[in-house]
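**Q** Structure below; questions to follow.
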Amino acid sequence: MLTVAELNAIRDRVRKQLSIREPHNRLIIGVGTVGIAAGARDVMVTAMQEVNARGLDLVVVGEDLAMPATDMPVVKFVSADGVEEVFTRVSADGVHEIIASLAAKVGTLPGV
Amino acid sequence: MSIIRSHVLVCGGTGCFSSGCKKVQAELHAALERHGLANEVRVVESGCFGFCKMGPIVMVYPEGAFYCQVMPEDAEELVKEHLLKGRVVERLLYKEPVTEESVALFNDIGFYKKQHRVALRNCGKINPESIEEYIAHDGYQALARAVTRMTPEEVIEEVKRSGLRGRGGGGFPVGRKWEFARVSKDSIKYVVCNADEGDPGAFMDRSILEGDPHSVIEAMAIAGYAIGASQGFVYVRAEYPIAVERLSIAIKQARETGLLGKNIFGTDFSFDVGIRLGAGAFVCGEETALMTSIEGHRGTPRPRPPYPAVKGLWGKPTLINNVETLANIPVILLHGPDHFASIGTEGSKGTKVFALAGNINNTGLVEVPMGTTLREIVYDIGGGIPGGKAFKACQTGGPSGGCLPAELLDTPVDYDSLIAAGSMMGSGGLIVMDEDTCMVDVARFFLEFTQDESCGKCVPCREGTKRMLEILERITKGQGEEGDIQLLEELAEVISKASLCGLGQTAPNPVLATLRFFRHEYEAHIRDRRCPAGVCQALLSYHIVAEKCKGCGLCKKVCPVEAISGELRQPHMIDKDKCIKCGACVAKCPFKAISR
């Protein structure tokens, strides 16, 4: 027998997994050819791990950002209401700090 | 540990399945492995997106990029460019038919912009074989609310207040139907979901079962609680194998989770659902024939009253609703009846799903608020008529409905307006016809269908439709006689009044509707031996317009019976005795010099 509380728990747990399909806040990593050459894949993987560990309402997206090669890897934050922040020459370590700075803005997913 | 950053939804509806979506999925998996992304990207098989002409459809999240007609060989590029390098693959995006502009996002596509998806809310959005994904989209919350916090009477009151009317064709108020079943006194009652979708071209119920089967199961359980039933049946045609499979999986999951079975949510309410397969007879969509079929007999209708709510399946009170009707129920209980009633018109609340087909650019399933005009559906959502041809008519309501002409394009689509205009809502088939359509031939087509599907139990339908079809066949063969139109009208009246079930009673509708709006076409066939649309082969007479003919000889070359003669650069001639009216010359002539 399933209780209503258990039903709600399933809903919240799976919603977290499905937040990718209805993103509110996005952390865009510039993963075009130049970005990847500059280490964007490592930045992206680190960002995914950090966001997941914190349970943030933030979706990591790979995009070919049109930015000068010298600025790569680039990370762009876009909030649910469209406010943007751009971070340049981001390292895998640096992305931890960026996410930490955004944590309060984006909040956590339900059930976290 | 794998952390997923992207979901790639591949439509697994019947249309996309036929276009090869399984191979696309397999190639996507292989390409993800090759590029080391298998632990970051999840491929999910979804239900139908409704845009079947554009299948196989692939949707990439979180961007929401909507890719059309994706072939297995496109998988490598999609993975390498989009999923690895973040570049949208332009060539696979949808192009608007008029502007030819590429559109990347689902919600920006003209086909979807004006849609309001309530019954189809989860189709194309979730994995229909995952009860957890349904639950994540508030699935089974309406059932939880109903059985733990509401009385059956309160549930019925909310359904009544919503104004929901049956989507299967009749348009009867759903809450009242539930109330009739509730007040019938019996210890055993049944809930039946009518998934015997029979209108030619209609597939909205199939799509809901394929894309969101739990919504139907949840609604059936709510209905069971409301009327006091503990058993439900879904009657679905065996020719819907994907729908049957996904429904079976969904029922099994609901049982395992405790959402079907005994003491649901720890209450006294118990409910289970079984599946009964139909053989695909059109008449079994009629509720009494459907029940007879479930009971194990040949599916033929029986007189009403008594109505199923009083004496239905095995003589017990039975509530019958169709798939689309049921798919609306959880939304009503979850968001409130007033929210639902705020959509649509005064007499027709909510939305309606249509299967848009025929001579139209965007074919597929569309769900619009009641009151949307036919013009908006045909031009804004459907993208207009291909080849710049003129709109001639649209058939609503399937074989039981009628054809509405261009003058009525601004008719709001709701139950009452369509009837006032001379057609009906029906289950939602909407076939668009262009200027090259012969309306007598259309009436003949639909009558041929209903005649073929007549169960034969009552004389007016069995014999009457046969006679009407014979007359229509004569007319389209150029053998129509004075008095045929009057005879058709007389027969139609008798069949409508004296047939046993809805199939027979509405069978003459396509003839009556085309007579009402296109009587001149019948008269041209009978009196002038002419088919104005140039469709009825027996009435065609091909000839070459000498002023337009350049004597290129292409028609002569393509003619399979050597009926065309003429010297090069001189006007050609057609020998009417030899001509078999195949139309090959018309299709080939670059100067439009051949008329018929």
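Scheme for the structure tokens: letters A, B, ... for chains in order shown; per-chain residue numbers from 1; ligand numbers from 1 in order shown.
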Can you check which residues of chain B have any atom within 7 Å of chain A? Use only C-alpha atoms and format it as a list in words.

**A**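 Only these qualify: Ile3, Arg5, Ser6, Tyr61, Pro62, Lys85, Gly86, Arg87, Glu132, Glu133, Ile135, Ala136, Asp138, Ala144, Thr257, Gly258, Ile264, Phe265 and Gly266 of chain B.
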
**Q** Would you kindly return, as a ChimeraX atom specification, each protein, DNA or RNA residue with an atom no farther than 7 Å from any atom of segment 95-100 of chain A, considering only C-alpha atoms and excluding same-chain residues fewer than 4 positions away?

**A** /A:43,47,50,90-91

**Q** Please extract the residues of segment 266-301 of chain B with a backbone DSSP assignment of helix (DSSP H, G or I) and present them as a PyMOL selection string.

**A** chain B and resi 266+282-285+287-294

**Q** Mind dumping the selected residues with N, CA and C atoms as a PDB file, in the first residue's frame?

**A**
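After the write, part-v9.pdb holds the following:
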ATOM      1  N   GLY B 266      -4.652   3.414   1.623  1.00  0.00           N
ATOM      2  CA  GLY B 266      -5.051   3.022   2.970  1.00  0.00           C
ATOM      3  C   GLY B 266      -6.522   3.242   3.273  1.00  0.00           C
ATOM      4  N   PHE B 282     -16.119  -0.780 -36.345  1.00  0.00           N
ATOM      5  CA  PHE B 282     -16.519   0.603 -36.065  1.00  0.00           C
ATOM      6  C   PHE B 282     -17.696   0.638 -35.093  1.00  0.00           C
ATOM      7  N   VAL B 283     -18.626  -0.281 -35.241  1.00  0.00           N
ATOM      8  CA  VAL B 283     -19.848  -0.266 -34.438  1.00  0.00           C
ATOM      9  C   VAL B 283     -19.545  -0.484 -32.948  1.00  0.00           C
ATOM     10  N   CYS B 284     -18.412  -1.097 -32.649  1.00  0.00           N
ATOM     11  CA  CYS B 284     -18.095  -1.363 -31.244  1.00  0.00           C
ATOM     12  C   CYS B 284     -17.699  -0.107 -30.479  1.00  0.00           C
ATOM     13  N   GLY B 285     -17.569   1.010 -31.180  1.00  0.00           N
ATOM     14  CA  GLY B 285     -17.387   2.279 -30.489  1.00  0.00           C
ATOM     15  C   GLY B 285     -18.704   2.762 -29.911  1.00  0.00           C
ATOM     16  N   GLU B 287     -21.691   2.510 -27.472  1.00  0.00           N
ATOM     17  CA  GLU B 287     -21.511   1.960 -26.126  1.00  0.00           C
ATOM     18  C   GLU B 287     -22.220   0.640 -25.870  1.00  0.00           C
ATOM     19  N   THR B 288     -23.409   0.441 -26.423  1.00  0.00           N
ATOM     20  CA  THR B 288     -24.087  -0.824 -26.132  1.00  0.00           C
ATOM     21  C   THR B 288     -23.431  -1.983 -26.897  1.00  0.00           C
ATOM     22  N   ALA B 289     -22.956  -1.699 -28.104  1.00  0.00           N
ATOM     23  CA  ALA B 289     -22.246  -2.736 -28.867  1.00  0.00           C
ATOM     24  C   ALA B 289     -20.924  -3.072 -28.188  1.00  0.00           C
ATOM     25  N   LEU B 290     -20.289  -2.046 -27.655  1.00  0.00           N
ATOM     26  CA  LEU B 290     -19.018  -2.237 -26.941  1.00  0.00           C
ATOM     27  C   LEU B 290     -19.214  -3.176 -25.739  1.00  0.00           C
ATOM     28  N   MET B 291     -20.274  -2.921 -24.980  1.00  0.00           N
ATOM     29  CA  MET B 291     -20.526  -3.764 -23.796  1.00  0.00           C
ATOM     30  C   MET B 291     -20.833  -5.200 -24.214  1.00  0.00           C
ATOM     31  N   THR B 292     -21.595  -5.338 -25.304  1.00  0.00           N
ATOM     32  CA  THR B 292     -21.924  -6.682 -25.788  1.00  0.00           C
ATOM     33  C   THR B 292     -20.642  -7.419 -26.168  1.00  0.00           C
ATOM     34  N   SER B 293     -19.713  -6.682 -26.760  1.00  0.00           N
ATOM     35  CA  SER B 293     -18.440  -7.289 -27.153  1.00  0.00           C
ATOM     36  C   SER B 293     -17.625  -7.695 -25.924  1.00  0.00           C
ATOM     37  N   ILE B 294     -17.588  -6.832 -24.911  1.00  0.00           N
ATOM     38  CA  ILE B 294     -16.852  -7.172 -23.672  1.00  0.00           C
ATOM     39  C   ILE B 294     -17.447  -8.434 -23.037  1.00  0.00           C
TER      40      ILE B 294
END

**Q** Can you pull out every residue within 9 Å of segment 309-314 of chain B, counting only C-alpha atoms, but drop anything in the same chain fewer than 5 positions away, and send it as a ChimeraX atom specification?

**A** /B:177-185,189-190,192,288,291-292,294-295,319-320

**Q** For the residues in that selection, give me C-alpha atoms as a PDB file, in the first residue's frame.

**A**
ATOM      1  CA  LYS B 177     -23.443  10.703 -16.473  1.00  0.00           C
ATOM      2  CA  TRP B 178     -21.389   9.951 -13.365  1.00  0.00           C
ATOM      3  CA  GLU B 179     -24.328  10.987 -11.169  1.00  0.00           C
ATOM      4  CA  PHE B 180     -26.700   8.605 -12.986  1.00  0.00           C
ATOM      5  CA  ALA B 181     -24.275   5.742 -12.393  1.00  0.00           C
ATOM      6  CA  ARG B 182     -23.804   6.796  -8.761  1.00  0.00           C
ATOM      7  CA  VAL B 183     -27.517   6.760  -7.927  1.00  0.00           C
ATOM      8  CA  SER B 184     -28.139   3.371  -9.577  1.00  0.00           C
ATOM      9  CA  LYS B 185     -28.534   0.907  -6.743  1.00  0.00           C
ATOM     10  CA  LYS B 189     -20.905  -1.527 -10.888  1.00  0.00           C
ATOM     11  CA  TYR B 190     -18.361  -1.057 -13.673  1.00  0.00           C
ATOM     12  CA  VAL B 192     -15.517   1.253 -18.925  1.00  0.00           C
ATOM     13  CA  THR B 288     -24.087  -0.824 -26.132  1.00  0.00           C
ATOM     14  CA  MET B 291     -20.526  -3.764 -23.796  1.00  0.00           C
ATOM     15  CA  THR B 292     -21.924  -6.682 -25.788  1.00  0.00           C
ATOM     16  CA  ILE B 294     -16.852  -7.172 -23.672  1.00  0.00           C
ATOM     17  CA  GLU B 295     -19.417  -9.744 -22.547  1.00  0.00           C
ATOM     18  CA  LEU B 319     -20.185   4.205 -16.605  1.00  0.00           C
ATOM     19  CA  ILE B 320     -18.663   4.566 -20.067  1.00  0.00           C
TER      20      ILE B 320
END

**Q** So what do you get for atom CA of Ser230 of chain B versus atom CA of Val191 of chain B, distance-wise?

**A**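 About the pair atom CA of Ser230 of chain B and atom CA of Val191 of chain B: they are 8.2 Å apart.
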
**Q** Using only C-alpha atoms, which protein or nucleic acid residues come within 12 Å of Leu512 of chain B? Drop anything in the same chain fewer than 2 positions from it, and give the result as a PDB file with C-alpha atoms, in the first residue's frame.

**A**
ATOM      1  CA  PRO B 399     -18.297   9.550 -40.968  1.00  0.00           C
ATOM      2  CA  SER B 400     -21.076  10.792 -38.694  1.00  0.00           C
ATOM      3  CA  GLY B 401     -20.296  14.443 -39.262  1.00  0.00           C
ATOM      4  CA  GLY B 402     -20.536  16.881 -42.081  1.00  0.00           C
ATOM      5  CA  CYS B 403     -18.562  19.046 -44.491  1.00  0.00           C
ATOM      6  CA  LEU B 404     -18.362  22.755 -43.863  1.00  0.00           C
ATOM      7  CA  GLY B 422     -24.575  21.706 -40.090  1.00  0.00           C
ATOM      8  CA  SER B 423     -21.861  19.402 -38.805  1.00  0.00           C
ATOM      9  CA  MET B 439     -17.889  16.580 -52.642  1.00  0.00           C
ATOM     10  CA  VAL B 440     -20.130  13.888 -54.145  1.00  0.00           C
ATOM     11  CA  VAL B 442     -16.431  12.502 -50.499  1.00  0.00           C
ATOM     12  CA  ALA B 443     -20.002  11.641 -49.502  1.00  0.00           C
ATOM     13  CA  ARG B 444     -19.686   8.348 -51.400  1.00  0.00           C
ATOM     14  CA  PHE B 446     -17.925   8.099 -46.116  1.00  0.00           C
ATOM     15  CA  LEU B 447     -21.080   6.203 -46.957  1.00  0.00           C
ATOM     16  CA  MET B 468     -27.824   5.316 -50.674  1.00  0.00           C
ATOM     17  CA  ILE B 485     -31.247  13.811 -54.847  1.00  0.00           C
ATOM     18  CA  GLN B 486     -34.800  13.612 -53.504  1.00  0.00           C
ATOM     19  CA  LEU B 487     -34.440   9.855 -53.044  1.00  0.00           C
ATOM     20  CA  LEU B 488     -31.189  10.342 -51.128  1.00  0.00           C
ATOM     21  CA  GLU B 489     -32.899  12.858 -48.856  1.00  0.00           C
ATOM     22  CA  GLU B 490     -35.870  10.572 -48.224  1.00  0.00           C
ATOM     23  CA  LEU B 491     -33.664   7.597 -47.448  1.00  0.00           C
ATOM     24  CA  ALA B 492     -31.497   9.741 -45.187  1.00  0.00           C
ATOM     25  CA  GLU B 493     -34.517  10.806 -43.176  1.00  0.00           C
ATOM     26  CA  ILE B 495     -32.293   5.929 -41.750  1.00  0.00           C
ATOM     27  CA  SER B 496     -31.725   8.763 -39.284  1.00  0.00           C
ATOM     28  CA  THR B 506     -25.768   9.561 -38.265  1.00  0.00           C
ATOM     29  CA  ALA B 507     -24.641   7.596 -41.337  1.00  0.00           C
ATOM     30  CA  PRO B 508     -26.475   9.866 -43.821  1.00  0.00           C
ATOM     31  CA  ASN B 509     -24.901  13.033 -42.356  1.00  0.00           C
ATOM     32  CA  PRO B 510     -22.078  13.389 -44.897  1.00  0.00           C
ATOM     33  CA  THR B 514     -22.717  17.970 -48.814  1.00  0.00           C
ATOM     34  CA  LEU B 515     -26.211  18.375 -50.253  1.00  0.00           C
ATOM     35  CA  ARG B 516     -26.734  21.385 -48.045  1.00  0.00           C
ATOM     36  CA  PHE B 517     -23.574  23.202 -49.078  1.00  0.00           C
ATOM     37  CA  PHE B 518     -22.618  21.648 -52.414  1.00  0.00           C
ATOM     38  CA  ARG B 519     -25.946  20.730 -54.010  1.00  0.00           C
ATOM     39  CA  TYR B 522     -24.674  16.853 -57.310  1.00  0.00           C
TER      40      TYR B 522
END

**Q** Applying 9 Å and only C-alpha atoms, which residues near Thr70 of chain A remain after dropping the ones on its own chain fewer than 3 positions away? List them as a count of residues only.

**A** 4

**Q** So the first atom is atom CA of Cys193 of chain B and the second is atom CA of Val244 of chain B; what is the distance between them in Å, to one decimal place?

**A**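 Atom CA of Val244 of chain B lies 13.0 Å from atom CA of Cys193 of chain B.
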
**Q** Among segment 72-293 of chain B, which ones does DSSP place in strand (DSSP E or B), written as a PyMOL selection string?

**A** chain B and resi 93-95+102-103+105+165+173+190-195+231-237+261+271-278

**Q** May I have the residues from that selection written out with N, CA and C atoms, as a PDB file, in the first residue's frame?

**A**
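Output below, filename selection05.pdb:
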ATOM      1  N   LEU B  93      16.067  21.082 -38.083  1.00  0.00           N
ATOM      2  CA  LEU B  93      15.010  21.828 -37.399  1.00  0.00           C
ATOM      3  C   LEU B  93      13.765  21.919 -38.276  1.00  0.00           C
ATOM      4  N   TYR B  94      12.661  22.235 -37.652  1.00  0.00           N
ATOM      5  CA  TYR B  94      11.413  22.405 -38.388  1.00  0.00           C
ATOM      6  C   TYR B  94      11.465  23.718 -39.181  1.00  0.00           C
ATOM      7  N   LYS B  95      10.952  23.663 -40.403  1.00  0.00           N
ATOM      8  CA  LYS B  95      10.869  24.895 -41.212  1.00  0.00           C
ATOM      9  C   LYS B  95       9.402  25.243 -41.406  1.00  0.00           C
ATOM     10  N   SER B 102      13.675  28.397 -40.189  1.00  0.00           N
ATOM     11  CA  SER B 102      13.917  27.304 -39.248  1.00  0.00           C
ATOM     12  C   SER B 102      13.505  27.742 -37.849  1.00  0.00           C
ATOM     13  N   VAL B 103      12.893  26.841 -37.117  1.00  0.00           N
ATOM     14  CA  VAL B 103      12.481  27.145 -35.749  1.00  0.00           C
ATOM     15  C   VAL B 103      13.111  26.107 -34.833  1.00  0.00           C
ATOM     16  N   LEU B 105      12.939  25.988 -31.241  1.00  0.00           N
ATOM     17  CA  LEU B 105      12.253  25.597 -30.014  1.00  0.00           C
ATOM     18  C   LEU B 105      10.819  25.163 -30.275  1.00  0.00           C
ATOM     19  N   ARG B 165     -17.813  17.868 -21.128  1.00  0.00           N
ATOM     20  CA  ARG B 165     -18.759  17.061 -21.903  1.00  0.00           C
ATOM     21  C   ARG B 165     -17.995  15.941 -22.600  1.00  0.00           C
ATOM     22  N   PRO B 173     -23.016  15.782 -20.854  1.00  0.00           N
ATOM     23  CA  PRO B 173     -22.300  16.263 -19.667  1.00  0.00           C
ATOM     24  C   PRO B 173     -21.779  15.097 -18.813  1.00  0.00           C
ATOM     25  N   TYR B 190     -19.586  -1.039 -12.868  1.00  0.00           N
ATOM     26  CA  TYR B 190     -18.361  -1.057 -13.673  1.00  0.00           C
ATOM     27  C   TYR B 190     -18.056   0.316 -14.258  1.00  0.00           C
ATOM     28  N   VAL B 191     -16.764   0.539 -14.477  1.00  0.00           N
ATOM     29  CA  VAL B 191     -16.308   1.709 -15.243  1.00  0.00           C
ATOM     30  C   VAL B 191     -15.678   1.164 -16.515  1.00  0.00           C
ATOM     31  N   VAL B 192     -16.090   1.702 -17.650  1.00  0.00           N
ATOM     32  CA  VAL B 192     -15.517   1.253 -18.925  1.00  0.00           C
ATOM     33  C   VAL B 192     -14.887   2.446 -19.644  1.00  0.00           C
ATOM     34  N   CYS B 193     -13.675   2.247 -20.102  1.00  0.00           N
ATOM     35  CA  CYS B 193     -13.035   3.257 -20.941  1.00  0.00           C
ATOM     36  C   CYS B 193     -13.191   2.826 -22.394  1.00  0.00           C
ATOM     37  N   ASN B 194     -13.852   3.672 -23.158  1.00  0.00           N
ATOM     38  CA  ASN B 194     -14.050   3.374 -24.573  1.00  0.00           C
ATOM     39  C   ASN B 194     -12.828   3.853 -25.362  1.00  0.00           C
ATOM     40  N   ALA B 195     -11.994   2.895 -25.729  1.00  0.00           N
ATOM     41  CA  ALA B 195     -10.807   3.219 -26.541  1.00  0.00           C
ATOM     42  C   ALA B 195     -10.946   2.592 -27.921  1.00  0.00           C
ATOM     43  N   GLN B 231     -14.285  -2.262 -10.298  1.00  0.00           N
ATOM     44  CA  GLN B 231     -13.657  -2.885 -11.464  1.00  0.00           C
ATOM     45  C   GLN B 231     -13.866  -2.007 -12.689  1.00  0.00           C
ATOM     46  N   GLY B 232     -12.798  -1.857 -13.459  1.00  0.00           N
ATOM     47  CA  GLY B 232     -12.894  -1.126 -14.712  1.00  0.00           C
ATOM     48  C   GLY B 232     -12.331  -1.937 -15.859  1.00  0.00           C
ATOM     49  N   PHE B 233     -12.768  -1.611 -17.059  1.00  0.00           N
ATOM     50  CA  PHE B 233     -12.238  -2.258 -18.259  1.00  0.00           C
ATOM     51  C   PHE B 233     -11.887  -1.184 -19.289  1.00  0.00           C
ATOM     52  N   VAL B 234     -10.766  -1.387 -19.948  1.00  0.00           N
ATOM     53  CA  VAL B 234     -10.451  -0.549 -21.108  1.00  0.00           C
ATOM     54  C   VAL B 234     -10.725  -1.405 -22.326  1.00  0.00           C
ATOM     55  N   TYR B 235     -11.632  -0.945 -23.166  1.00  0.00           N
ATOM     56  CA  TYR B 235     -11.935  -1.673 -24.413  1.00  0.00           C
ATOM     57  C   TYR B 235     -11.167  -0.991 -25.533  1.00  0.00           C
ATOM     58  N   VAL B 236     -10.137  -1.664 -25.991  1.00  0.00           N
ATOM     59  CA  VAL B 236      -9.246  -1.050 -26.980  1.00  0.00           C
ATOM     60  C   VAL B 236      -9.058  -1.998 -28.152  1.00  0.00           C
ATOM     61  N   ARG B 237      -8.917  -1.430 -29.331  1.00  0.00           N
ATOM     62  CA  ARG B 237      -8.799  -2.300 -30.502  1.00  0.00           C
ATOM     63  C   ARG B 237      -7.406  -2.938 -30.580  1.00  0.00           C
ATOM     64  N   GLY B 261      -5.757  -1.798  -6.986  1.00  0.00           N
ATOM     65  CA  GLY B 261      -5.817  -2.951  -6.075  1.00  0.00           C
ATOM     66  C   GLY B 261      -6.613  -2.621  -4.834  1.00  0.00           C
ATOM     67  N   PHE B 271      -9.882  -0.834  -6.320  1.00  0.00           N
ATOM     68  CA  PHE B 271     -10.228  -0.708  -7.746  1.00  0.00           C
ATOM     69  C   PHE B 271      -9.147  -1.369  -8.595  1.00  0.00           C
ATOM     70  N   ASP B 272      -9.600  -2.054  -9.625  1.00  0.00           N
ATOM     71  CA  ASP B 272      -8.647  -2.656 -10.555  1.00  0.00           C
ATOM     72  C   ASP B 272      -9.141  -2.437 -11.991  1.00  0.00           C
ATOM     73  N   VAL B 273      -8.206  -2.535 -12.915  1.00  0.00           N
ATOM     74  CA  VAL B 273      -8.527  -2.300 -14.337  1.00  0.00           C
ATOM     75  C   VAL B 273      -8.063  -3.492 -15.164  1.00  0.00           C
ATOM     76  N   GLY B 274      -8.909  -3.919 -16.089  1.00  0.00           N
ATOM     77  CA  GLY B 274      -8.539  -4.972 -17.031  1.00  0.00           C
ATOM     78  C   GLY B 274      -8.630  -4.448 -18.452  1.00  0.00           C
ATOM     79  N   ILE B 275      -7.996  -5.157 -19.358  1.00  0.00           N
ATOM     80  CA  ILE B 275      -8.031  -4.742 -20.768  1.00  0.00           C
ATOM     81  C   ILE B 275      -8.848  -5.758 -21.559  1.00  0.00           C
ATOM     82  N   ARG B 276      -9.700  -5.271 -22.419  1.00  0.00           N
ATOM     83  CA  ARG B 276     -10.438  -6.153 -23.330  1.00  0.00           C
ATOM     84  C   ARG B 276     -10.148  -5.674 -24.756  1.00  0.00           C
ATOM     85  N   LEU B 277      -9.710  -6.587 -25.595  1.00  0.00           N
ATOM     86  CA  LEU B 277      -9.338  -6.214 -26.959  1.00  0.00           C
ATOM     87  C   LEU B 277     -10.508  -6.367 -27.922  1.00  0.00           C
ATOM     88  N   GLY B 278     -10.689  -5.353 -28.757  1.00  0.00           N
ATOM     89  CA  GLY B 278     -11.724  -5.415 -29.786  1.00  0.00           C
ATOM     90  C   GLY B 278     -11.089  -5.761 -31.120  1.00  0.00           C
TER      91      GLY B 278
END

**Q** Which residues are close to Glu158 of chain B, i.e. within 12 Å by only C-alpha atoms, leaving aside same-chain residues fewer than 5 positions away? Reply as a PyMOL selection string.

**A** chain B and resi 142+146+150-153+163-164+174-176+178-179+222+226+329-341

**Q** Between atom CA of Thr300 of chain B and atom CA of Val511 of chain B, what distance in Å does the model show, to one decimal?

**A**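 Distance reported for this atom pair: 24.3 Å.
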
**Q** Please provide as an MDAnalysis selection string all residues within 10 Å of segment 168-172 of chain B, with the sequence filter that same-chain residues fewer than 5 positions apart are discarded (counting only C-alpha atoms).

**A** chainID B and resid 177 194:197 205 285:286 321:325 348 397:398 400:401 414:416 424:428 502
